[in-house]
$ cat structure08.pdb   # PDB, C-alpha atoms and all ligand atoms
ATOM      1  CA  MET A   1     -11.604 -23.709  21.643  1.00  0.00           C
ATOM      2  CA  LEU A   2     -13.209 -25.665  18.833  1.00  0.00           C
ATOM      3  CA  GLN A   3     -16.201 -23.359  19.028  1.00  0.00           C
ATOM      4  CA  THR A   4     -13.917 -20.306  18.715  1.00  0.00           C
ATOM      5  CA  ILE A   5     -12.178 -21.742  15.681  1.00  0.00           C
ATOM      6  CA  ARG A   6     -15.535 -22.554  14.127  1.00  0.00           C
ATOM      7  CA  CYS A   7     -16.791 -18.995  14.705  1.00  0.00           C
ATOM      8  CA  ILE A   8     -13.707 -17.447  13.147  1.00  0.00           C
ATOM      9  CA  TYR A   9     -14.041 -19.783  10.193  1.00  0.00           C
ATOM     10  CA  ILE A  10     -17.682 -18.827   9.698  1.00  0.00           C
ATOM     11  CA  THR A  11     -16.950 -15.114   9.986  1.00  0.00           C
ATOM     12  CA  ILE A  12     -14.127 -15.267   7.452  1.00  0.00           C
ATOM     13  CA  ASN A  13     -16.191 -17.186   4.938  1.00  0.00           C
ATOM     14  CA  MET A  14     -19.357 -15.212   5.210  1.00  0.00           C
ATOM     15  CA  LYS A  15     -20.505 -13.335   2.153  1.00  0.00           C
ATOM     16  CA  ASN A  16     -22.849 -10.453   2.823  1.00  0.00           C
ATOM     17  CA  ILE A  17     -24.437  -9.146  -0.333  1.00  0.00           C
ATOM     18  CA  VAL A  18     -26.755  -6.230  -0.946  1.00  0.00           C
ATOM     19  CA  ILE A  19     -28.994  -6.679  -3.971  1.00  0.00           C
ATOM     20  CA  PHE A  20     -30.055  -3.257  -5.065  1.00  0.00           C
ATOM     21  CA  GLY A  21     -32.151  -1.655  -7.763  1.00  0.00           C
ATOM     22  CA  PRO A  22     -35.444   0.064  -8.487  1.00  0.00           C
ATOM     23  CA  PRO A  23     -38.782  -1.668  -7.936  1.00  0.00           C
ATOM     24  CA  GLY A  24     -39.244  -4.302 -10.628  1.00  0.00           C
ATOM     25  CA  SER A  25     -35.528  -4.655 -11.359  1.00  0.00           C
ATOM     26  CA  GLY A  26     -35.522  -8.339 -10.416  1.00  0.00           C
ATOM     27  CA  LYS A  27     -34.014  -8.237  -6.925  1.00  0.00           C
ATOM     28  CA  GLY A  28     -36.328 -10.946  -5.574  1.00  0.00           C
ATOM     29  CA  THR A  29     -35.936 -13.213  -8.602  1.00  0.00           C
ATOM     30  CA  GLN A  30     -32.150 -13.023  -8.615  1.00  0.00           C
ATOM     31  CA  SER A  31     -32.020 -13.364  -4.813  1.00  0.00           C
ATOM     32  CA  ASN A  32     -33.736 -16.748  -5.152  1.00  0.00           C
ATOM     33  CA  HIS A  33     -31.092 -17.963  -7.607  1.00  0.00           C
ATOM     34  CA  ILE A  34     -28.291 -16.667  -5.376  1.00  0.00           C
ATOM     35  CA  ILE A  35     -29.705 -18.319  -2.234  1.00  0.00           C
ATOM     36  CA  ASN A  36     -29.972 -21.675  -3.972  1.00  0.00           C
ATOM     37  CA  LYS A  37     -26.477 -21.630  -5.367  1.00  0.00           C
ATOM     38  CA  TYR A  38     -24.580 -20.089  -2.450  1.00  0.00           C
ATOM     39  CA  GLN A  39     -26.786 -21.149   0.499  1.00  0.00           C
ATOM     40  CA  LEU A  40     -27.094 -17.621   1.786  1.00  0.00           C
ATOM     41  CA  THR A  41     -29.802 -16.427   4.133  1.00  0.00           C
ATOM     42  CA  HIS A  42     -32.228 -14.046   2.446  1.00  0.00           C
ATOM     43  CA  VAL A  43     -33.953 -11.065   3.970  1.00  0.00           C
ATOM     44  CA  SER A  44     -36.392  -8.910   2.026  1.00  0.00           C
ATOM     45  CA  THR A  45     -37.483  -5.909   4.076  1.00  0.00           C
ATOM     46  CA  GLY A  46     -40.549  -5.634   1.808  1.00  0.00           C
ATOM     47  CA  ASP A  47     -41.545  -9.189   2.830  1.00  0.00           C
ATOM     48  CA  VAL A  48     -40.849  -8.430   6.505  1.00  0.00           C
ATOM     49  CA  ILE A  49     -43.126  -5.394   6.320  1.00  0.00           C
ATOM     50  CA  ARG A  50     -45.854  -7.238   4.390  1.00  0.00           C
ATOM     51  CA  SER A  51     -45.899  -9.961   7.049  1.00  0.00           C
ATOM     52  CA  GLU A  52     -46.215  -7.314   9.792  1.00  0.00           C
ATOM     53  CA  ILE A  53     -49.180  -5.839   7.898  1.00  0.00           C
ATOM     54  CA  LYS A  54     -50.751  -9.248   7.433  1.00  0.00           C
ATOM     55  CA  ALA A  55     -50.340 -10.014  11.133  1.00  0.00           C
ATOM     56  CA  LYS A  56     -51.950  -6.621  11.903  1.00  0.00           C
ATOM     57  CA  SER A  57     -49.114  -5.857  14.336  1.00  0.00           C
ATOM     58  CA  GLU A  58     -48.702  -2.354  15.707  1.00  0.00           C
ATOM     59  CA  ILE A  59     -45.884  -1.652  13.255  1.00  0.00           C
ATOM     60  CA  GLY A  60     -47.894  -3.173  10.419  1.00  0.00           C
ATOM     61  CA  GLN A  61     -50.812  -0.873  11.114  1.00  0.00           C
ATOM     62  CA  GLN A  62     -48.507   2.152  11.313  1.00  0.00           C
ATOM     63  CA  VAL A  63     -46.950   1.553   7.907  1.00  0.00           C
ATOM     64  CA  GLU A  64     -49.781   0.080   5.839  1.00  0.00           C
ATOM     65  CA  SER A  65     -50.889   3.337   4.246  1.00  0.00           C
ATOM     66  CA  LEU A  66     -47.283   4.402   3.527  1.00  0.00           C
ATOM     67  CA  ILE A  67     -46.692   1.234   1.522  1.00  0.00           C
ATOM     68  CA  GLU A  68     -49.945   1.569  -0.363  1.00  0.00           C
ATOM     69  CA  ASN A  69     -48.903   5.092  -1.327  1.00  0.00           C
ATOM     70  CA  GLY A  70     -45.476   4.008  -2.533  1.00  0.00           C
ATOM     71  CA  GLN A  71     -43.634   5.809   0.249  1.00  0.00           C
ATOM     72  CA  LEU A  72     -40.782   4.482   2.338  1.00  0.00           C
ATOM     73  CA  VAL A  73     -41.164   3.274   5.887  1.00  0.00           C
ATOM     74  CA  PRO A  74     -39.233   5.619   8.241  1.00  0.00           C
ATOM     75  CA  ASP A  75     -35.554   4.693   8.622  1.00  0.00           C
ATOM     76  CA  GLN A  76     -35.716   4.196  12.379  1.00  0.00           C
ATOM     77  CA  LEU A  77     -38.552   1.725  12.126  1.00  0.00           C
ATOM     78  CA  ILE A  78     -37.072  -0.381   9.356  1.00  0.00           C
ATOM     79  CA  VAL A  79     -33.616  -0.356  10.955  1.00  0.00           C
ATOM     80  CA  GLU A  80     -35.148  -1.634  14.214  1.00  0.00           C
ATOM     81  CA  LEU A  81     -36.988  -4.395  12.363  1.00  0.00           C
ATOM     82  CA  LEU A  82     -33.823  -5.432  10.569  1.00  0.00           C
ATOM     83  CA  ALA A  83     -31.683  -5.295  13.722  1.00  0.00           C
ATOM     84  CA  GLU A  84     -34.208  -7.563  15.439  1.00  0.00           C
ATOM     85  CA  TRP A  85     -34.058 -10.005  12.534  1.00  0.00           C
ATOM     86  CA  LEU A  86     -30.263  -9.869  12.375  1.00  0.00           C
ATOM     87  CA  GLU A  87     -29.871 -10.690  16.066  1.00  0.00           C
ATOM     88  CA  LYS A  88     -31.644 -13.990  15.498  1.00  0.00           C
ATOM     89  CA  GLN A  89     -29.231 -15.067  12.760  1.00  0.00           C
ATOM     90  CA  ASN A  90     -26.181 -17.156  13.397  1.00  0.00           C
ATOM     91  CA  ASP A  91     -24.224 -19.832  11.676  1.00  0.00           C
ATOM     92  CA  SER A  92     -25.004 -18.722   8.145  1.00  0.00           C
ATOM     93  CA  ASN A  93     -22.868 -18.522   5.018  1.00  0.00           C
ATOM     94  CA  GLY A  94     -23.819 -14.904   4.776  1.00  0.00           C
ATOM     95  CA  ILE A  95     -26.856 -12.809   4.131  1.00  0.00           C
ATOM     96  CA  ILE A  96     -28.424 -11.364   1.036  1.00  0.00           C
ATOM     97  CA  PHE A  97     -30.105  -8.063   1.812  1.00  0.00           C
ATOM     98  CA  ASP A  98     -32.950  -7.409  -0.641  1.00  0.00           C
ATOM     99  CA  GLY A  99     -34.649  -4.008  -0.518  1.00  0.00           C
ATOM    100  CA  PHE A 100     -32.351  -2.771   2.233  1.00  0.00           C
ATOM    101  CA  PRO A 101     -30.661  -0.293   2.432  1.00  0.00           C
ATOM    102  CA  ARG A 102     -32.978   2.121   0.630  1.00  0.00           C
ATOM    103  CA  THR A 103     -31.532   5.344   2.035  1.00  0.00           C
ATOM    104  CA  THR A 104     -27.985   6.437   2.829  1.00  0.00           C
ATOM    105  CA  ASN A 105     -28.900   6.466   6.552  1.00  0.00           C
ATOM    106  CA  GLN A 106     -29.914   2.824   6.266  1.00  0.00           C
ATOM    107  CA  ALA A 107     -26.611   2.009   4.536  1.00  0.00           C
ATOM    108  CA  VAL A 108     -24.701   3.585   7.426  1.00  0.00           C
ATOM    109  CA  ALA A 109     -26.874   1.705   9.950  1.00  0.00           C
ATOM    110  CA  LEU A 110     -26.277  -1.600   8.161  1.00  0.00           C
ATOM    111  CA  LYS A 111     -22.527  -1.055   8.224  1.00  0.00           C
ATOM    112  CA  GLN A 112     -22.674  -0.384  11.972  1.00  0.00           C
ATOM    113  CA  MET A 113     -24.858  -3.434  12.655  1.00  0.00           C
ATOM    114  CA  LEU A 114     -22.548  -5.740  10.734  1.00  0.00           C
ATOM    115  CA  GLN A 115     -19.438  -4.180  12.237  1.00  0.00           C
ATOM    116  CA  LYS A 116     -20.619  -5.269  15.681  1.00  0.00           C
ATOM    117  CA  GLN A 117     -20.297  -8.847  14.420  1.00  0.00           C
ATOM    118  CA  GLY A 118     -16.926  -8.199  12.776  1.00  0.00           C
ATOM    119  CA  GLN A 119     -18.510  -8.175   9.342  1.00  0.00           C
ATOM    120  CA  ASP A 120     -19.289  -5.844   6.474  1.00  0.00           C
ATOM    121  CA  VAL A 121     -21.129  -5.765   3.155  1.00  0.00           C
ATOM    122  CA  ASP A 122     -18.832  -7.601   0.744  1.00  0.00           C
ATOM    123  CA  LEU A 123     -20.658  -6.854  -2.490  1.00  0.00           C
ATOM    124  CA  MET A 124     -23.367  -4.483  -3.673  1.00  0.00           C
ATOM    125  CA  LEU A 125     -25.054  -5.626  -6.864  1.00  0.00           C
ATOM    126  CA  SER A 126     -27.002  -2.825  -8.510  1.00  0.00           C
ATOM    127  CA  LEU A 127     -29.509  -4.006 -11.114  1.00  0.00           C
ATOM    128  CA  GLU A 128     -29.979  -1.407 -13.855  1.00  0.00           C
ATOM    129  CA  VAL A 129     -33.251  -1.429 -15.806  1.00  0.00           C
ATOM    130  CA  PRO A 130     -34.810   1.439 -17.829  1.00  0.00           C
ATOM    131  CA  LYS A 131     -37.929   3.033 -16.383  1.00  0.00           C
ATOM    132  CA  GLU A 132     -40.354   1.959 -19.171  1.00  0.00           C
ATOM    133  CA  GLU A 133     -39.329  -1.659 -18.659  1.00  0.00           C
ATOM    134  CA  LEU A 134     -39.815  -1.376 -14.870  1.00  0.00           C
ATOM    135  CA  VAL A 135     -43.314   0.014 -15.286  1.00  0.00           C
ATOM    136  CA  SER A 136     -44.394  -2.716 -17.689  1.00  0.00           C
ATOM    137  CA  ARG A 137     -42.944  -5.474 -15.459  1.00  0.00           C
ATOM    138  CA  LEU A 138     -44.677  -4.100 -12.356  1.00  0.00           C
ATOM    139  CA  VAL A 139     -48.043  -3.603 -14.049  1.00  0.00           C
ATOM    140  CA  LYS A 140     -47.854  -7.212 -15.178  1.00  0.00           C
ATOM    141  CA  ARG A 141     -46.809  -8.377 -11.677  1.00  0.00           C
ATOM    142  CA  GLY A 142     -49.780  -6.488 -10.225  1.00  0.00           C
ATOM    143  CA  GLN A 143     -52.135  -8.410 -12.486  1.00  0.00           C
ATOM    144  CA  ASP A 144     -50.623 -11.722 -11.396  1.00  0.00           C
ATOM    145  CA  SER A 145     -49.890 -11.129  -7.700  1.00  0.00           C
ATOM    146  CA  GLY A 146     -52.498  -8.604  -6.717  1.00  0.00           C
ATOM    147  CA  ARG A 147     -49.922  -6.698  -4.617  1.00  0.00           C
ATOM    148  CA  SER A 148     -51.674  -3.530  -3.482  1.00  0.00           C
ATOM    149  CA  ASP A 149     -48.722  -1.284  -4.451  1.00  0.00           C
ATOM    150  CA  ASP A 150     -48.399  -2.676  -7.988  1.00  0.00           C
ATOM    151  CA  ASN A 151     -50.868  -0.260  -9.617  1.00  0.00           C
ATOM    152  CA  LEU A 152     -49.814   2.396 -12.107  1.00  0.00           C
ATOM    153  CA  ALA A 153     -50.038   5.459  -9.829  1.00  0.00           C
ATOM    154  CA  THR A 154     -48.134   3.790  -6.974  1.00  0.00           C
ATOM    155  CA  ILE A 155     -45.573   2.290  -9.349  1.00  0.00           C
ATOM    156  CA  GLU A 156     -44.735   5.768 -10.721  1.00  0.00           C
ATOM    157  CA  LYS A 157     -44.452   7.093  -7.167  1.00  0.00           C
ATOM    158  CA  ARG A 158     -42.145   4.231  -6.081  1.00  0.00           C
ATOM    159  CA  ILE A 159     -39.866   4.786  -9.048  1.00  0.00           C
ATOM    160  CA  THR A 160     -39.652   8.508  -8.242  1.00  0.00           C
ATOM    161  CA  VAL A 161     -38.842   7.707  -4.595  1.00  0.00           C
ATOM    162  CA  TYR A 162     -36.166   5.316  -5.860  1.00  0.00           C
ATOM    163  CA  GLU A 163     -34.601   7.968  -8.100  1.00  0.00           C
ATOM    164  CA  GLU A 164     -34.671  10.695  -5.472  1.00  0.00           C
ATOM    165  CA  VAL A 165     -33.977   8.922  -2.182  1.00  0.00           C
ATOM    166  CA  THR A 166     -32.634   5.451  -2.907  1.00  0.00           C
ATOM    167  CA  ALA A 167     -30.325   5.862  -5.921  1.00  0.00           C
ATOM    168  CA  PRO A 168     -27.849   8.007  -3.888  1.00  0.00           C
ATOM    169  CA  VAL A 169     -27.078   4.848  -1.870  1.00  0.00           C
ATOM    170  CA  ILE A 170     -24.967   3.868  -4.903  1.00  0.00           C
ATOM    171  CA  ASP A 171     -22.464   6.616  -4.000  1.00  0.00           C
ATOM    172  CA  PHE A 172     -22.087   5.159  -0.510  1.00  0.00           C
ATOM    173  CA  TYR A 173     -21.083   1.754  -1.900  1.00  0.00           C
ATOM    174  CA  LYS A 174     -18.874   3.281  -4.594  1.00  0.00           C
ATOM    175  CA  LYS A 175     -16.852   4.804  -1.766  1.00  0.00           C
ATOM    176  CA  GLU A 176     -16.816   1.427  -0.007  1.00  0.00           C
ATOM    177  CA  ASN A 177     -15.479  -0.160  -3.225  1.00  0.00           C
ATOM    178  CA  THR A 178     -18.171  -2.823  -3.221  1.00  0.00           C
ATOM    179  CA  TYR A 179     -20.497  -1.412  -5.890  1.00  0.00           C
ATOM    180  CA  VAL A 180     -21.023  -3.393  -9.085  1.00  0.00           C
ATOM    181  CA  SER A 181     -23.455  -2.398 -11.827  1.00  0.00           C
ATOM    182  CA  ILE A 182     -25.413  -5.259 -13.420  1.00  0.00           C
ATOM    183  CA  ASN A 183     -27.454  -4.964 -16.606  1.00  0.00           C
ATOM    184  CA  GLY A 184     -30.863  -6.122 -15.412  1.00  0.00           C
ATOM    185  CA  VAL A 185     -32.292  -6.499 -18.926  1.00  0.00           C
ATOM    186  CA  GLY A 186     -31.883  -9.907 -20.544  1.00  0.00           C
ATOM    187  CA  SER A 187     -32.757 -13.463 -19.664  1.00  0.00           C
ATOM    188  CA  GLU A 188     -32.880 -14.443 -15.984  1.00  0.00           C
ATOM    189  CA  LYS A 189     -30.118 -16.946 -16.699  1.00  0.00           C
ATOM    190  CA  GLU A 190     -27.789 -14.443 -18.363  1.00  0.00           C
ATOM    191  CA  ILE A 191     -28.246 -11.931 -15.568  1.00  0.00           C
ATOM    192  CA  PHE A 192     -27.624 -14.618 -12.954  1.00  0.00           C
ATOM    193  CA  ALA A 193     -24.436 -15.718 -14.748  1.00  0.00           C
ATOM    194  CA  THR A 194     -23.118 -12.144 -14.581  1.00  0.00           C
ATOM    195  CA  ILE A 195     -24.015 -11.961 -10.882  1.00  0.00           C
ATOM    196  CA  CYS A 196     -22.207 -15.259 -10.192  1.00  0.00           C
ATOM    197  CA  SER A 197     -19.081 -14.002 -11.920  1.00  0.00           C
ATOM    198  CA  HIS A 198     -18.931 -11.246  -9.308  1.00  0.00           C
ATOM    199  CA  ILE A 199     -19.858 -13.366  -6.290  1.00  0.00           C
ATOM    200  CA  ASP A 200     -17.206 -15.902  -7.267  1.00  0.00           C
ATOM    201  CA  THR A 201     -14.487 -13.285  -6.912  1.00  0.00           C
ATOM    202  CA  LEU A 202     -15.260 -12.877  -3.193  1.00  0.00           C
TER     203      LEU A 202
HETATM  204  P1  LIG B 301     -40.147  -3.246  -4.589  1.00  0.00           P
HETATM  205  O1  LIG B 301     -38.670  -3.383  -4.675  1.00  0.00           O
HETATM  206  O2  LIG B 301     -40.875  -3.850  -5.740  1.00  0.00           O
HETATM  207  O3  LIG B 301     -40.601  -1.824  -4.310  1.00  0.00           O
HETATM  208  P2  LIG B 301     -40.265  -4.335  -1.870  1.00  0.00           P
HETATM  209  O4  LIG B 301     -41.009  -5.537  -1.474  1.00  0.00           O
HETATM  210  O5  LIG B 301     -38.778  -4.343  -1.713  1.00  0.00           O
HETATM  211  O6  LIG B 301     -40.708  -4.076  -3.364  1.00  0.00           O
HETATM  212  O7  LIG B 301     -40.819  -3.061  -1.031  1.00  0.00           O
HETATM  213  C1  LIG B 301     -42.180  -2.741  -0.964  1.00  0.00           C
HETATM  214  C2  LIG B 301     -42.372  -1.487  -0.097  1.00  0.00           C
HETATM  215  O8  LIG B 301     -41.949  -1.754   1.246  1.00  0.00           O
HETATM  216  C3  LIG B 301     -41.575  -0.256  -0.506  1.00  0.00           C
HETATM  217  O9  LIG B 301     -42.211   0.509  -1.505  1.00  0.00           O
HETATM  218  C4  LIG B 301     -41.473   0.500   0.822  1.00  0.00           C
HETATM  219  O10 LIG B 301     -42.684   1.179   1.103  1.00  0.00           O
HETATM  220  C5  LIG B 301     -41.343  -0.593   1.841  1.00  0.00           C
HETATM  221  N1  LIG B 301     -39.925  -0.899   2.140  1.00  0.00           N
HETATM  222  C6  LIG B 301     -39.266  -2.057   1.841  1.00  0.00           C
HETATM  223  N2  LIG B 301     -37.990  -1.987   2.242  1.00  0.00           N
HETATM  224  C7  LIG B 301     -37.836  -0.755   2.807  1.00  0.00           C
HETATM  225  C8  LIG B 301     -36.736  -0.066   3.377  1.00  0.00           C
HETATM  226  N3  LIG B 301     -35.527  -0.619   3.465  1.00  0.00           N
HETATM  227  N4  LIG B 301     -36.932   1.198   3.845  1.00  0.00           N
HETATM  228  C9  LIG B 301     -38.129   1.778   3.774  1.00  0.00           C
HETATM  229  N5  LIG B 301     -39.207   1.201   3.235  1.00  0.00           N
HETATM  230  C10 LIG B 301     -39.075  -0.057   2.749  1.00  0.00           C
END
$ encode --input "structure08.pdb" --output "structure tokens"
Amino acid sequence: MLQTIRCIYITINMKNIVIFGPPGSGKGTQSNHIINKYQLTHVSTGDVIRSEIKAKSEIGQQVESLIENGQLVPDQLIVELLAEWLEKQNDSNGIIFDGFPRTTNQAVALKQMLQKQGQDVDLMLSLEVPKEELVSRLVKRGQDSGRSDDNLATIEKRITVYEEVTAPVIDFYKKENTYVSINGVGSEKEIFATICSHIDTL
């Protein structure tokens, strides 16, 4: 009985947030601030894929060249990886999804996965940053981090993929009434304050 009450309590209080935006918009940076303040569990599908590549797993080997070329990993593969990750989660205050969904199919899949646990995406934060700013941030990040996809040609390709395939995900969340646009240009602190003002309404 106590366990049941506890589960209901957790489910009601969970906040599931999608942090969305083009490459270089600050999703990872702002996710870190959000996790610290709200004790959410963070999942970055980019990180999940990079660790598969590093571990030279079968999946990692399949997708390595796609990532280096700035292309997306096929929906089915990434959805399976995320479903596997999600199954292992319990007892959290909610999850921040960073870099997922990146296609409308993925958004539908995420809704179905969460629905099975009586949950949904409560908020979709879309970071808006002009293209020139994205390119200069990513070129700089490439110099510091050495990430293989942070070179000029791949950056341009990733931004195009974002505009063509990923940006339509915004329409999905507009229909769900969870979409919020955030100005991603400004100080990290200012942007985080705006994000908090939205999370605090949940
Ligand atoms: P960024 O937002 O800077 O592009 P990420 O770490 O989120 O960085 O993603 C790096 C790469 O990993 C993407 O360019 C893509 O190839 C792959 N990837 C990450 N998430 C997904 C996803 N949800 N669907 C398909 N591919 C993905």
$ residues_around --input "structure08.pdb" --residues "Thr103 of chain A" --least-positions-apart "2" --cutoff "8 Å" --atoms "only C-alpha atoms" --output "PyMOL selection string"
chain A and resi 75+101+105-107+165-166+168-169
$ resolve_selection --input "structure08.pdb" --expression "the PyMOL selection byres (((chain A and resi 72) around 9) and not hetatm)" --output "PyMOL selection string"
chain A and resi 63+66-67+69-71+73-75+102+158+161
$ resolve_selection --input "structure08.pdb" --expression "the PyMOL selection byres (((chain A and resi 39-49) around 7) and not hetatm)" --output "list of chain:residue names"
A:Ile35, A:Asn36, A:Lys37, A:Tyr38, A:Arg50, A:Ser51, A:Glu52, A:Ile53, A:Gly60, A:Ser92, A:Asn93, A:Gly94, A:Ile95, A:Ile96, A:Phe97, A:Asp98, A:Gly99, A:Phe100
$ resolve_selection --input "structure08.pdb" --expression "the PyMOL selection byres (((chain A and resi 184) around 6) and not hetatm)" --output "list in words"
Leu127, Glu128, Val129, Ile182, Asn183 and Val185 of chain A
$ atom_distance --input "structure08.pdb" --atom1 "atom CA of Gly26 of chain A" --atom2 "atom CA of Thr178 of chain A"
19.6 Å
$ closest_residue --input "structure08.pdb" --among "A:Val139, A:Ala55, A:Ile17, A:Ala193" --to "ligand LIG 301 (chain B)" --atoms "all atoms listed in the file"
A:Val139
$ closest_residue --input "structure08.pdb" --among "A:Asn90, A:Gln76, A:Ser136, A:Asn32" --to "Ala109 of chain A" --atoms "only C-alpha atoms"
A:Gln76
$ closest_residue --input "structure08.pdb" --among "A:Gly24, A:Arg137, A:Asp200, A:Ile191" --to "Ile159 of chain A" --atoms "all atoms listed in the file"
A:Gly24
$ residues_around --input "structure08.pdb" --residues "Arg147 of chain A" --least-positions-apart "2" --cutoff "12 Å" --atoms "all atoms listed in the file" --output "VMD selection string"
chain A and resid 46 to 47 50 67 to 68 70 138 to 145 149 to 152 154 to 155
$ closest_residue --input "structure08.pdb" --among "A:Asn177, A:Thr160, A:Gln89, A:Gln115" --to "ligand LIG 301 (chain B)" --atoms "only C-alpha atoms and all ligand atoms"
A:Thr160
$ atom_distance --input "structure08.pdb" --atom1 "atom CA of Lys175 of chain A" --atom2 "atom CA of Pro22 of chain A"
20.3 Å
$ closest_residue --input "structure08.pdb" --among "A:Ile170, A:Met14, A:Ile34, A:Leu110" --to "ligand LIG 301 (chain B)" --atoms "all atoms listed in the file"
A:Leu110
$ atom_distance --input "structure08.pdb" --atom1 "atom O1 of ligand LIG 301 (chain B)" --atom2 "atom CA of Gly118 of chain A"
28.3 Å
$ decode --input "structure08.pdb" --residues "segment 167-179 of chain A" --atoms "N, CA, C and O atoms" --output "PDB file, in the first residue's frame"
ATOM      1  N   ALA A 167      13.553  20.720 -37.042  1.00  0.00           N
ATOM      2  CA  ALA A 167      12.706  21.866 -36.676  1.00  0.00           C
ATOM      3  C   ALA A 167      11.199  21.554 -36.730  1.00  0.00           C
ATOM      4  O   ALA A 167      10.444  22.053 -35.883  1.00  0.00           O
ATOM      5  N   PRO A 168      10.725  20.705 -37.671  1.00  0.00           N
ATOM      6  CA  PRO A 168       9.284  20.399 -37.674  1.00  0.00           C
ATOM      7  C   PRO A 168       8.756  19.761 -36.378  1.00  0.00           C
ATOM      8  O   PRO A 168       7.545  19.759 -36.140  1.00  0.00           O
ATOM      9  N   VAL A 169       9.668  19.255 -35.541  1.00  0.00           N
ATOM     10  CA  VAL A 169       9.243  18.685 -34.252  1.00  0.00           C
ATOM     11  C   VAL A 169       8.541  19.768 -33.404  1.00  0.00           C
ATOM     12  O   VAL A 169       7.674  19.471 -32.578  1.00  0.00           O
ATOM     13  N   ILE A 170       8.904  21.021 -33.659  1.00  0.00           N
ATOM     14  CA  ILE A 170       8.268  22.142 -32.941  1.00  0.00           C
ATOM     15  C   ILE A 170       6.749  22.095 -33.122  1.00  0.00           C
ATOM     16  O   ILE A 170       5.994  22.292 -32.159  1.00  0.00           O
ATOM     17  N   ASP A 171       6.302  21.801 -34.346  1.00  0.00           N
ATOM     18  CA  ASP A 171       4.847  21.768 -34.609  1.00  0.00           C
ATOM     19  C   ASP A 171       4.158  20.704 -33.768  1.00  0.00           C
ATOM     20  O   ASP A 171       3.033  20.905 -33.307  1.00  0.00           O
ATOM     21  N   PHE A 172       4.851  19.570 -33.588  1.00  0.00           N
ATOM     22  CA  PHE A 172       4.282  18.491 -32.768  1.00  0.00           C
ATOM     23  C   PHE A 172       3.992  19.008 -31.358  1.00  0.00           C
ATOM     24  O   PHE A 172       2.906  18.822 -30.813  1.00  0.00           O
ATOM     25  N   TYR A 173       4.989  19.697 -30.765  1.00  0.00           N
ATOM     26  CA  TYR A 173       4.814  20.154 -29.379  1.00  0.00           C
ATOM     27  C   TYR A 173       3.912  21.380 -29.268  1.00  0.00           C
ATOM     28  O   TYR A 173       3.325  21.618 -28.211  1.00  0.00           O
ATOM     29  N   LYS A 174       3.803  22.143 -30.371  1.00  0.00           N
ATOM     30  CA  LYS A 174       2.821  23.243 -30.356  1.00  0.00           C
ATOM     31  C   LYS A 174       1.423  22.649 -30.203  1.00  0.00           C
ATOM     32  O   LYS A 174       0.614  23.135 -29.417  1.00  0.00           O
ATOM     33  N   LYS A 175       1.186  21.565 -30.926  1.00  0.00           N
ATOM     34  CA  LYS A 175      -0.137  20.914 -30.840  1.00  0.00           C
ATOM     35  C   LYS A 175      -0.354  20.310 -29.452  1.00  0.00           C
ATOM     36  O   LYS A 175      -1.481  20.215 -28.979  1.00  0.00           O
ATOM     37  N   GLU A 176       0.715  19.886 -28.824  1.00  0.00           N
ATOM     38  CA  GLU A 176       0.625  19.290 -27.481  1.00  0.00           C
ATOM     39  C   GLU A 176       0.500  20.371 -26.400  1.00  0.00           C
ATOM     40  O   GLU A 176       0.356  20.061 -25.221  1.00  0.00           O
ATOM     41  N   ASN A 177       0.649  21.628 -26.815  1.00  0.00           N
ATOM     42  CA  ASN A 177       0.606  22.765 -25.872  1.00  0.00           C
ATOM     43  C   ASN A 177       1.714  22.756 -24.833  1.00  0.00           C
ATOM     44  O   ASN A 177       1.523  23.202 -23.701  1.00  0.00           O
ATOM     45  N   THR A 178       2.874  22.226 -25.217  1.00  0.00           N
ATOM     46  CA  THR A 178       3.985  22.211 -24.255  1.00  0.00           C
ATOM     47  C   THR A 178       5.186  23.012 -24.770  1.00  0.00           C
ATOM     48  O   THR A 178       6.191  23.129 -24.070  1.00  0.00           O
ATOM     49  N   TYR A 179       5.056  23.547 -25.970  1.00  0.00           N
ATOM     50  CA  TYR A 179       6.184  24.246 -26.612  1.00  0.00           C
ATOM     51  C   TYR A 179       6.391  25.649 -26.022  1.00  0.00           C
ATOM     52  O   TYR A 179       5.437  26.409 -25.875  1.00  0.00           O
TER      53      TYR A 179
END
